[in-house]
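A.B. asks: I'd like to ask you about the structure that follows.
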Amino acid sequence: PPVDVTEAIHADWLELWYQPKIEVRSLTLSGAEALVRMRHPTWGTVPPAYFIPDGGDPHFRALTEFVISRVVGDWRSFVIDHGHVEISVNLPVTFFQDPMAIENLACQMPNHPAFEGLIVEIDGSELIHNLPLAKKVARQLQIHNIGLSIDNLGTEWPLLMELNDFPFVEIKVNRELIAGCADNRLKQSVCRRILELADGFGARTVPEGVETRADFQMARELGFDLTQGFFFAKPMEANKFARRILGRPVTMPN
């Protein structure tokens with residue numbers, strides 16, 4: 001059954017897990033995406049769909065404050081032994097309808113000489129349907145060393161070709177376009193068009209959900225910048241991420 005997120009926060013059931021983002025060419029760690037998880041005392045690990053409220057839900061702000069606070073705390077822990085780690089977090093575009101949202105977010109960023117910025121990921125479909133707000137937010141976030149990423153971009157991608165300016169730092173391509181792309185010429189063609197679009201605006205590109213060697217090799221051949229998916233690592237708790245990923249060379253899975 002659904003779980004009240006406020007109850008989960010007060011009961012300390014929520015955690016952040018991290019999935020690494022790997023440089024395609026050099027096979028080095030680029031950063032990680034923070035993903036919220038719940039560890040319920042009765043039901044175990046609860047899928048996010050059962051507790052993450054909609055962006056307009058009054059409980060969403062409490063969840064966002066938890067995520068940002070925990071990300072900053074984890075980043076401070078990571079930086080002690082490993083230096084800066086670029087972390088990305090997921091937020092709905094409706095979060096930025098609050099006129100104080102950007103200022104409040106910026107105030108929570110680490111005041112640390114090693115801090116090089118944060119990435120905010122917004123779902124591609126949601127972003128495209130709120131383009132004027134998204135573009136305005138992206139420009140304002142840049143002032144505070146926060147980049148805006150287009151997450152989970154799928155069939156809506158042609159609408160981005162109409163833009164004259166592109167204040168977004170990253171495009172993450174939907175796993176449905178990536179899974180099986182090694183054997184699918186149509187998916188390869190779409191990926192190439194998205195890559196051309198991103199290259200024209202100087203944005204980096206990430207294929208999501210890379211799970212096989214064949215799809216990773218195709219992503220490399222197509223020219224993606226980073227890769228993310230089970231092929232290299234599943235999301236994991238912060239301490240496991242620090243122990244297994246940070247400070248260790250990335251190796252090609254068998």
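Chain labels run A, B, ... following the order of the structure tokens; each chain numbers its residues from 1, and ligands are numbered from 1 in the order shown.
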Give me the residues within 8 Å of segment 84-88 of chain A as number ranges by chain, counting only C-alpha atoms and dropping any in the same chain fewer than 5 places off.
C.D. replies: A: 30-34, 71, 75, 78-79, 114-121
A.B. asks: The selected residues should be written to file as a short mmCIF file (atom, residue, chain, number, x, y, z; two decimals), in the first residue's frame (atoms: C-alpha atoms).
C.D. replies:
data_model
loop_
_atom_site.label_atom_id
_atom_site.label_comp_id
_atom_site.auth_asym_id
_atom_site.auth_seq_id
_atom_site.Cartn_x
_atom_site.Cartn_y
_atom_site.Cartn_z
CA SER A 30 31.98 11.08 -14.13
CA GLY A 31 29.48 11.28 -11.30
CA ALA A 32 26.34 9.62 -9.99
CA GLU A 33 22.58 9.98 -9.96
CA ALA A 34 20.97 10.05 -6.52
CA VAL A 71 22.82 14.69 -1.11
CA TRP A 75 28.76 14.70 -0.93
CA PHE A 78 32.54 11.50 -0.38
CA VAL A 79 34.79 14.53 -0.78
CA ALA A 114 36.05 21.35 -3.86
CA PHE A 115 32.40 21.77 -4.83
CA GLU A 116 32.06 22.05 -8.61
CA GLY A 117 28.30 21.99 -9.01
CA LEU A 118 25.10 19.96 -8.97
CA ILE A 119 22.90 18.60 -11.77
CA VAL A 120 19.09 18.78 -11.58
CA GLU A 121 17.31 16.28 -13.84
#
A.B. asks: I want to know what sits within 12 Å of Trp157 of chain A, based on only C-alpha atoms, with residues of the same chain fewer than 6 positions away left out; could you give that as a PDB file with N, CA and C atoms, in the first residue's frame?
C.D. replies:
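Written file, around25.pdb:
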ATOM      1  N   ASP A 123      12.287  15.377 -16.038  1.00  0.00           N
ATOM      2  CA  ASP A 123      11.778  14.454 -17.055  1.00  0.00           C
ATOM      3  C   ASP A 123      11.540  15.181 -18.377  1.00  0.00           C
ATOM      4  N   GLY A 124      11.984  14.546 -19.472  1.00  0.00           N
ATOM      5  CA  GLY A 124      11.933  15.196 -20.775  1.00  0.00           C
ATOM      6  C   GLY A 124      10.538  15.607 -21.202  1.00  0.00           C
ATOM      7  N   SER A 125       9.544  14.727 -21.014  1.00  0.00           N
ATOM      8  CA  SER A 125       8.181  15.042 -21.408  1.00  0.00           C
ATOM      9  C   SER A 125       7.644  16.223 -20.617  1.00  0.00           C
ATOM     10  N   LEU A 127       9.424  18.531 -19.091  1.00  0.00           N
ATOM     11  CA  LEU A 127      10.192  19.731 -19.442  1.00  0.00           C
ATOM     12  C   LEU A 127       9.690  20.345 -20.750  1.00  0.00           C
ATOM     13  N   ILE A 128       9.478  19.506 -21.758  1.00  0.00           N
ATOM     14  CA  ILE A 128       9.060  20.013 -23.064  1.00  0.00           C
ATOM     15  C   ILE A 128       7.685  20.657 -22.990  1.00  0.00           C
ATOM     16  N   HIS A 129       6.811  20.142 -22.129  1.00  0.00           N
ATOM     17  CA  HIS A 129       5.488  20.733 -21.983  1.00  0.00           C
ATOM     18  C   HIS A 129       5.502  21.983 -21.104  1.00  0.00           C
ATOM     19  N   ILE A 150      18.014  17.237 -19.193  1.00  0.00           N
ATOM     20  CA  ILE A 150      16.762  16.699 -19.724  1.00  0.00           C
ATOM     21  C   ILE A 150      16.807  15.191 -19.555  1.00  0.00           C
ATOM     22  N   ASP A 151      15.993  14.692 -18.656  1.00  0.00           N
ATOM     23  CA  ASP A 151      16.023  13.278 -18.294  1.00  0.00           C
ATOM     24  C   ASP A 151      14.997  12.487 -19.109  1.00  0.00           C
ATOM     25  N   LEU A 163      14.200  24.790 -30.905  1.00  0.00           N
ATOM     26  CA  LEU A 163      14.785  25.787 -30.006  1.00  0.00           C
ATOM     27  C   LEU A 163      15.913  26.555 -30.682  1.00  0.00           C
ATOM     28  N   ILE A 171      21.568  15.825 -22.028  1.00  0.00           N
ATOM     29  CA  ILE A 171      20.396  15.081 -22.504  1.00  0.00           C
ATOM     30  C   ILE A 171      20.605  13.613 -22.164  1.00  0.00           C
ATOM     31  N   LYS A 172      19.632  13.046 -21.446  1.00  0.00           N
ATOM     32  CA  LYS A 172      19.665  11.626 -21.120  1.00  0.00           C
ATOM     33  C   LYS A 172      18.593  10.921 -21.958  1.00  0.00           C
ATOM     34  N   VAL A 173      19.017   9.964 -22.748  1.00  0.00           N
ATOM     35  CA  VAL A 173      18.120   9.323 -23.707  1.00  0.00           C
ATOM     36  C   VAL A 173      17.407   8.145 -23.051  1.00  0.00           C
ATOM     37  N   ASN A 174      16.097   8.109 -23.252  1.00  0.00           N
ATOM     38  CA  ASN A 174      15.213   7.091 -22.704  1.00  0.00           C
ATOM     39  C   ASN A 174      15.736   5.673 -22.962  1.00  0.00           C
ATOM     40  N   LEU A 177      14.876   3.715 -26.123  1.00  0.00           N
ATOM     41  CA  LEU A 177      15.649   3.954 -27.341  1.00  0.00           C
ATOM     42  C   LEU A 177      17.019   3.290 -27.285  1.00  0.00           C
ATOM     43  N   VAL A 190      17.655   7.419 -34.595  1.00  0.00           N
ATOM     44  CA  VAL A 190      17.102   8.409 -33.671  1.00  0.00           C
ATOM     45  C   VAL A 190      18.181   8.908 -32.715  1.00  0.00           C
ATOM     46  N   CYS A 191      18.984   7.989 -32.209  1.00  0.00           N
ATOM     47  CA  CYS A 191      20.067   8.385 -31.296  1.00  0.00           C
ATOM     48  C   CYS A 191      21.042   9.341 -31.987  1.00  0.00           C
ATOM     49  N   ARG A 192      21.342   9.074 -33.233  1.00  0.00           N
ATOM     50  CA  ARG A 192      22.260   9.957 -33.965  1.00  0.00           C
ATOM     51  C   ARG A 192      21.683  11.362 -34.092  1.00  0.00           C
ATOM     52  N   ARG A 193      20.378  11.463 -34.346  1.00  0.00           N
ATOM     53  CA  ARG A 193      19.759  12.772 -34.474  1.00  0.00           C
ATOM     54  C   ARG A 193      19.814  13.528 -33.149  1.00  0.00           C
ATOM     55  N   ILE A 194      19.564  12.822 -32.053  1.00  0.00           N
ATOM     56  CA  ILE A 194      19.636  13.453 -30.735  1.00  0.00           C
ATOM     57  C   ILE A 194      21.065  13.887 -30.428  1.00  0.00           C
ATOM     58  N   LEU A 195      22.019  13.064 -30.777  1.00  0.00           N
ATOM     59  CA  LEU A 195      23.425  13.404 -30.562  1.00  0.00           C
ATOM     60  C   LEU A 195      23.827  14.631 -31.377  1.00  0.00           C
ATOM     61  N   GLU A 196      23.357  14.726 -32.601  1.00  0.00           N
ATOM     62  CA  GLU A 196      23.643  15.900 -33.430  1.00  0.00           C
ATOM     63  C   GLU A 196      23.050  17.151 -32.806  1.00  0.00           C
ATOM     64  N   LEU A 197      21.824  17.026 -32.294  1.00  0.00           N
ATOM     65  CA  LEU A 197      21.179  18.155 -31.626  1.00  0.00           C
ATOM     66  C   LEU A 197      21.992  18.607 -30.419  1.00  0.00           C
ATOM     67  N   ALA A 198      22.365  17.657 -29.569  1.00  0.00           N
ATOM     68  CA  ALA A 198      23.129  17.983 -28.361  1.00  0.00           C
ATOM     69  C   ALA A 198      24.481  18.587 -28.709  1.00  0.00           C
TER      70      ALA A 198
END
A.B. asks: What's around Asn104 of chain A at 12 Å? Count only C-alpha atoms, leave out sequence neighbours fewer than 3 positions away in its own chain, and write the answer as a VMD selection string.
C.D. replies: chain A and resid 61 64 to 65 68 to 69 95 to 96 98 to 101 107 to 109 141 144
A.B. asks: Next, write the just-selected residues to a file, as a compact mmCIF listing (two decimals), in the first residue's frame, keeping N, CA, C and O atoms as the atom set.
C.D. replies:
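For reference, again23.txt as written:
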# COMPACT_ATOMS: atom_id res chain seq x y z
N ARG A 61 7.43 18.86 -1.07
CA ARG A 61 8.49 19.76 -0.61
C ARG A 61 9.31 19.12 0.50
O ARG A 61 10.54 19.26 0.53
N THR A 64 11.66 16.73 -1.12
CA THR A 64 12.74 17.45 -1.80
C THR A 64 13.77 17.96 -0.81
O THR A 64 14.98 17.85 -1.03
N GLU A 65 13.31 18.52 0.29
CA GLU A 65 14.24 19.01 1.31
C GLU A 65 15.09 17.88 1.87
O GLU A 65 16.29 18.05 2.12
N ILE A 68 17.77 16.90 -0.95
CA ILE A 68 18.85 17.87 -1.10
C ILE A 68 19.77 17.84 0.12
O ILE A 68 21.00 17.83 0.00
N SER A 69 19.16 17.78 1.31
CA SER A 69 19.97 17.74 2.53
C SER A 69 20.84 16.49 2.57
O SER A 69 22.04 16.54 2.90
N PHE A 95 8.26 22.06 -9.23
CA PHE A 95 8.98 22.51 -8.03
C PHE A 95 9.44 23.95 -8.19
O PHE A 95 9.47 24.72 -7.22
N PHE A 96 9.76 24.34 -9.42
CA PHE A 96 10.31 25.67 -9.67
C PHE A 96 9.25 26.72 -9.92
O PHE A 96 9.57 27.87 -10.24
N ASP A 98 7.50 27.74 -7.55
CA ASP A 98 7.68 28.55 -6.34
C ASP A 98 8.76 29.59 -6.62
O ASP A 98 9.90 29.23 -6.96
N PRO A 99 8.47 30.87 -6.50
CA PRO A 99 9.46 31.90 -6.82
C PRO A 99 10.71 31.85 -5.95
O PRO A 99 11.74 32.41 -6.32
N MET A 100 10.64 31.17 -4.81
CA MET A 100 11.79 31.08 -3.91
C MET A 100 12.56 29.78 -4.09
O MET A 100 13.57 29.57 -3.42
N ALA A 101 12.12 28.92 -4.99
CA ALA A 101 12.71 27.58 -5.11
C ALA A 101 14.19 27.64 -5.46
O ALA A 101 15.01 26.92 -4.86
N CYS A 107 20.96 28.09 -1.67
CA CYS A 107 21.45 28.28 -0.31
C CYS A 107 21.91 26.98 0.34
O CYS A 107 22.69 27.00 1.30
N GLN A 108 21.43 25.86 -0.18
CA GLN A 108 21.80 24.56 0.39
C GLN A 108 23.05 23.96 -0.24
O GLN A 108 23.53 22.92 0.23
N MET A 109 23.58 24.59 -1.28
CA MET A 109 24.77 24.05 -1.92
C MET A 109 25.99 24.19 -1.00
O MET A 109 26.12 25.16 -0.27
N LEU A 141 19.64 28.85 -12.74
CA LEU A 141 20.43 27.87 -12.00
C LEU A 141 21.91 27.94 -12.36
O LEU A 141 22.78 27.71 -11.51
N HIS A 144 24.19 29.80 -10.16
CA HIS A 144 24.53 29.16 -8.88
C HIS A 144 25.30 27.86 -9.07
O HIS A 144 25.37 27.03 -8.16
A.B. asks: Contacts of segment 130-138 of chain A at 9 Å or less, counting only C-alpha atoms, minus same-chain residues fewer than 2 places along, as a list in words?
C.D. replies: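 Counting only the stated atoms, we get Val93, Thr94, Phe96, Gln97, Ile102, Ile122, Ser125, Glu126, Leu127, Ile128, Gln140, Leu141, Gln142, Ile146, Gly147, Leu148, Ser149, Asp165, Phe166, Pro167, Phe168 and Val169 of chain A.
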A.B. asks: Emit the selected residues as a CSV table (one decimal), in the first residue's frame, including N, CA and C atoms.
C.D. replies:
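In the end it all went to again_14.csv:
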chain,number,residue,atom,x,y,z
A,93,VAL,N,9.4,19.8,-12.8
A,93,VAL,CA,9.5,21.3,-13.2
A,93,VAL,C,8.5,22.1,-12.3
A,94,THR,N,7.5,21.5,-11.8
A,94,THR,CA,6.5,22.2,-10.9
A,94,THR,C,7.2,22.7,-9.6
A,96,PHE,N,9.8,24.3,-9.4
A,96,PHE,CA,10.3,25.7,-9.7
A,96,PHE,C,9.2,26.7,-9.9
A,97,GLN,N,8.0,26.3,-9.8
A,97,GLN,CA,6.9,27.4,-9.8
A,97,GLN,C,6.9,28.2,-8.6
A,102,ILE,N,14.6,28.5,-6.4
A,102,ILE,CA,16.0,28.5,-6.9
A,102,ILE,C,16.8,29.1,-5.8
A,122,ILE,N,15.2,16.9,-15.0
A,122,ILE,CA,13.8,17.0,-15.1
A,122,ILE,C,13.4,16.1,-16.3
A,125,SER,N,9.5,14.7,-21.0
A,125,SER,CA,8.2,15.0,-21.4
A,125,SER,C,7.6,16.2,-20.6
A,126,GLU,N,7.9,16.2,-19.3
A,126,GLU,CA,7.4,17.3,-18.5
A,126,GLU,C,8.1,18.6,-18.8
A,127,LEU,N,9.4,18.5,-19.1
A,127,LEU,CA,10.2,19.7,-19.4
A,127,LEU,C,9.7,20.3,-20.7
A,128,ILE,N,9.5,19.5,-21.8
A,128,ILE,CA,9.1,20.0,-23.1
A,128,ILE,C,7.7,20.7,-23.0
A,140,GLN,N,18.8,30.6,-14.7
A,140,GLN,CA,19.0,31.1,-13.3
A,140,GLN,C,19.8,30.1,-12.5
A,141,LEU,N,19.6,28.8,-12.7
A,141,LEU,CA,20.4,27.9,-12.0
A,141,LEU,C,21.9,27.9,-12.4
A,142,GLN,N,22.2,28.3,-13.6
A,142,GLN,CA,23.6,28.4,-14.0
A,142,GLN,C,24.4,29.4,-13.2
A,146,ILE,N,24.6,25.3,-10.9
A,146,ILE,CA,23.7,24.2,-11.0
A,146,ILE,C,23.2,24.0,-12.4
A,147,GLY,N,23.4,22.8,-13.0
A,147,GLY,CA,23.1,22.6,-14.4
A,147,GLY,C,21.7,21.8,-14.5
A,148,LEU,N,21.0,22.1,-15.5
A,148,LEU,CA,19.7,21.4,-15.8
A,148,LEU,C,19.9,20.4,-16.8
A,149,SER,N,19.4,19.1,-16.5
A,149,SER,CA,19.5,18.0,-17.5
A,149,SER,C,18.1,17.6,-17.9
A,165,ASP,N,17.8,28.6,-28.6
A,165,ASP,CA,18.8,28.6,-27.6
A,165,ASP,C,18.5,27.4,-26.7
A,166,PHE,N,19.6,26.9,-26.0
A,166,PHE,CA,19.5,25.6,-25.3
A,166,PHE,C,20.3,25.7,-24.0
A,167,PRO,N,19.7,26.2,-23.0
A,167,PRO,CA,20.4,26.4,-21.7
A,167,PRO,C,20.6,25.1,-20.9
A,168,PHE,N,20.4,23.9,-21.5
A,168,PHE,CA,20.5,22.7,-20.7
A,168,PHE,C,21.8,22.0,-20.9
A,169,VAL,N,22.4,21.5,-19.9
A,169,VAL,CA,23.8,21.0,-20.0
A,169,VAL,C,23.9,19.5,-20.4
A.B. asks: Would you pick out the contacts of segment 228-233 of chain A at 10 Å or less, using only C-alpha atoms, so that residues sharing its chain but fewer than 4 positions from it are not included, and give the list as a list in words?
C.D. replies: Tyr18, Gln19, Pro20, Lys21, Ile22, Glu23, Val24, Ala32, Glu33, Lys172, Arg175, Val206, Pro207, Glu208, Gly209, Val210, Glu211, Thr212, Arg213, Asp215, Phe216, Phe241, Arg244, Ile245, Val250, Thr251, Met252, Pro253 and Asn254 of chain A
A.B. asks: Generate a file of the selected residues that holds N, CA and C atoms, formatted as a PDB file, in the first residue's frame.
C.D. replies:
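So the final result, stored in out_4.pdb, reads:
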ATOM      1  N   TYR A  18      22.939   5.499  -5.064  1.00  0.00           N
ATOM      2  CA  TYR A  18      23.680   6.175  -6.124  1.00  0.00           C
ATOM      3  C   TYR A  18      24.018   5.203  -7.251  1.00  0.00           C
ATOM      4  N   GLN A  19      23.748   5.657  -8.475  1.00  0.00           N
ATOM      5  CA  GLN A  19      24.129   4.876  -9.653  1.00  0.00           C
ATOM      6  C   GLN A  19      25.179   5.667 -10.431  1.00  0.00           C
ATOM      7  N   PRO A  20      26.347   5.083 -10.663  1.00  0.00           N
ATOM      8  CA  PRO A  20      27.425   5.827 -11.318  1.00  0.00           C
ATOM      9  C   PRO A  20      27.133   6.164 -12.768  1.00  0.00           C
ATOM     10  N   LYS A  21      27.700   7.276 -13.204  1.00  0.00           N
ATOM     11  CA  LYS A  21      27.685   7.689 -14.612  1.00  0.00           C
ATOM     12  C   LYS A  21      29.138   7.614 -15.077  1.00  0.00           C
ATOM     13  N   ILE A  22      29.379   6.844 -16.125  1.00  0.00           N
ATOM     14  CA  ILE A  22      30.735   6.494 -16.544  1.00  0.00           C
ATOM     15  C   ILE A  22      31.063   7.160 -17.884  1.00  0.00           C
ATOM     16  N   GLU A  23      32.290   7.721 -17.964  1.00  0.00           N
ATOM     17  CA  GLU A  23      32.775   8.262 -19.230  1.00  0.00           C
ATOM     18  C   GLU A  23      32.918   7.111 -20.237  1.00  0.00           C
ATOM     19  N   VAL A  24      32.290   7.262 -21.395  1.00  0.00           N
ATOM     20  CA  VAL A  24      32.254   6.180 -22.372  1.00  0.00           C
ATOM     21  C   VAL A  24      33.635   5.857 -22.922  1.00  0.00           C
ATOM     22  N   ALA A  32      27.348  10.605 -10.372  1.00  0.00           N
ATOM     23  CA  ALA A  32      26.336   9.622  -9.994  1.00  0.00           C
ATOM     24  C   ALA A  32      24.984  10.296  -9.887  1.00  0.00           C
ATOM     25  N   GLU A  33      23.950   9.511 -10.159  1.00  0.00           N
ATOM     26  CA  GLU A  33      22.580   9.982  -9.961  1.00  0.00           C
ATOM     27  C   GLU A  33      22.088   9.486  -8.610  1.00  0.00           C
ATOM     28  N   LYS A 172      19.632  13.046 -21.446  1.00  0.00           N
ATOM     29  CA  LYS A 172      19.665  11.626 -21.120  1.00  0.00           C
ATOM     30  C   LYS A 172      18.593  10.921 -21.958  1.00  0.00           C
ATOM     31  N   ARG A 175      15.621   4.824 -21.963  1.00  0.00           N
ATOM     32  CA  ARG A 175      16.093   3.434 -22.084  1.00  0.00           C
ATOM     33  C   ARG A 175      15.388   2.683 -23.206  1.00  0.00           C
ATOM     34  N   VAL A 206      23.828  11.144 -22.463  1.00  0.00           N
ATOM     35  CA  VAL A 206      23.894   9.942 -21.626  1.00  0.00           C
ATOM     36  C   VAL A 206      22.817   8.960 -22.075  1.00  0.00           C
ATOM     37  N   PRO A 207      23.179   7.739 -22.469  1.00  0.00           N
ATOM     38  CA  PRO A 207      22.169   6.706 -22.713  1.00  0.00           C
ATOM     39  C   PRO A 207      21.775   6.077 -21.380  1.00  0.00           C
ATOM     40  N   GLU A 208      20.476   5.983 -21.133  1.00  0.00           N
ATOM     41  CA  GLU A 208      19.998   5.402 -19.874  1.00  0.00           C
ATOM     42  C   GLU A 208      19.677   3.917 -20.059  1.00  0.00           C
ATOM     43  N   GLY A 209      19.864   3.166 -19.005  1.00  0.00           N
ATOM     44  CA  GLY A 209      19.466   1.768 -19.032  1.00  0.00           C
ATOM     45  C   GLY A 209      20.343   0.881 -19.886  1.00  0.00           C
ATOM     46  N   VAL A 210      21.626   1.179 -19.973  1.00  0.00           N
ATOM     47  CA  VAL A 210      22.537   0.318 -20.726  1.00  0.00           C
ATOM     48  C   VAL A 210      22.781  -0.953 -19.906  1.00  0.00           C
ATOM     49  N   GLU A 211      22.347  -2.080 -20.434  1.00  0.00           N
ATOM     50  CA  GLU A 211      22.415  -3.326 -19.666  1.00  0.00           C
ATOM     51  C   GLU A 211      23.258  -4.416 -20.319  1.00  0.00           C
ATOM     52  N   THR A 212      23.634  -4.245 -21.590  1.00  0.00           N
ATOM     53  CA  THR A 212      24.399  -5.285 -22.265  1.00  0.00           C
ATOM     54  C   THR A 212      25.668  -4.704 -22.879  1.00  0.00           C
ATOM     55  N   ARG A 213      26.644  -5.572 -23.081  1.00  0.00           N
ATOM     56  CA  ARG A 213      27.890  -5.151 -23.725  1.00  0.00           C
ATOM     57  C   ARG A 213      27.623  -4.616 -25.128  1.00  0.00           C
ATOM     58  N   ASP A 215      24.944  -3.101 -26.339  1.00  0.00           N
ATOM     59  CA  ASP A 215      24.366  -1.762 -26.322  1.00  0.00           C
ATOM     60  C   ASP A 215      25.390  -0.732 -25.842  1.00  0.00           C
ATOM     61  N   PHE A 216      26.279  -1.121 -24.918  1.00  0.00           N
ATOM     62  CA  PHE A 216      27.337  -0.192 -24.514  1.00  0.00           C
ATOM     63  C   PHE A 216      28.276   0.095 -25.679  1.00  0.00           C
ATOM     64  N   PHE A 241      28.517   2.683  -2.465  1.00  0.00           N
ATOM     65  CA  PHE A 241      29.009   3.483  -3.594  1.00  0.00           C
ATOM     66  C   PHE A 241      30.406   4.006  -3.301  1.00  0.00           C
ATOM     67  N   ARG A 244      32.813   0.757  -3.204  1.00  0.00           N
ATOM     68  CA  ARG A 244      32.980  -0.065  -4.412  1.00  0.00           C
ATOM     69  C   ARG A 244      33.305   0.747  -5.665  1.00  0.00           C
ATOM     70  N   ILE A 245      32.885   2.007  -5.691  1.00  0.00           N
ATOM     71  CA  ILE A 245      33.017   2.794  -6.915  1.00  0.00           C
ATOM     72  C   ILE A 245      34.047   3.907  -6.787  1.00  0.00           C
ATOM     73  N   VAL A 250      37.455   2.012 -13.005  1.00  0.00           N
ATOM     74  CA  VAL A 250      36.297   1.385 -13.622  1.00  0.00           C
ATOM     75  C   VAL A 250      36.792   0.276 -14.548  1.00  0.00           C
ATOM     76  N   THR A 251      36.205  -0.880 -14.461  1.00  0.00           N
ATOM     77  CA  THR A 251      36.600  -1.997 -15.316  1.00  0.00           C
ATOM     78  C   THR A 251      35.424  -2.428 -16.178  1.00  0.00           C
ATOM     79  N   MET A 252      35.721  -2.923 -17.347  1.00  0.00           N
ATOM     80  CA  MET A 252      34.675  -3.424 -18.239  1.00  0.00           C
ATOM     81  C   MET A 252      34.118  -4.720 -17.680  1.00  0.00           C
ATOM     82  N   PRO A 253      32.803  -4.786 -17.467  1.00  0.00           N
ATOM     83  CA  PRO A 253      32.216  -6.020 -16.930  1.00  0.00           C
ATOM     84  C   PRO A 253      32.440  -7.203 -17.872  1.00  0.00           C
ATOM     85  N   ASN A 254      32.471  -8.398 -17.303  1.00  0.00           N
ATOM     86  CA  ASN A 254      32.628  -9.608 -18.098  1.00  0.00           C
ATOM     87  C   ASN A 254      31.361  -9.899 -18.896  1.00  0.00           C
TER      88      ASN A 254
END
A.B. asks: Could you write out, as a PyMOL selection string, all the residues of segment 70-185 of chain A that DSSP marks as strand (DSSP E or B)?
C.D. replies: chain A and resi 86-90+118-123+146-153+170-173
A.B. asks: For each of A:Tyr50, A:Trp17, A:Phe66, A:Phe60, take the minimum atom-to-atom distance to Arg37 of chain A, counting only C-alpha atoms, then give the residue where this is smallest.
C.D. replies: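 Counting only C-alpha atoms, the residue closest to Arg37 of chain A is A:Trp17.
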A.B. asks: Where in segment 109-252 of chain A does DSSP assign alpha helix (DSSP H), given as a PyMOL selection string?
C.D. replies: chain A and resi 124-128+131-143+175-178+185-201+213-222+238-244
A.B. asks: Could you please determine the separation between atom CA of Val67 of chain A and atom CA of Leu14 of chain A in Å, to one decimal place?
C.D. replies: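 Atom-to-atom, atom CA of Val67 of chain A and atom CA of Leu14 of chain A are spaced 9.1 Å apart.
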A.B. asks: Measuring atom to atom with only C-alpha atoms, identify which of A:Pro158, A:Leu153, A:Leu27, A:Met218 is nearest to Cys181 of chain A.
C.D. replies: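 Checking each of A:Pro158, A:Leu153, A:Leu27, A:Met218 against Cys181 of chain A, counting only C-alpha atoms, the winner is A:Met218.
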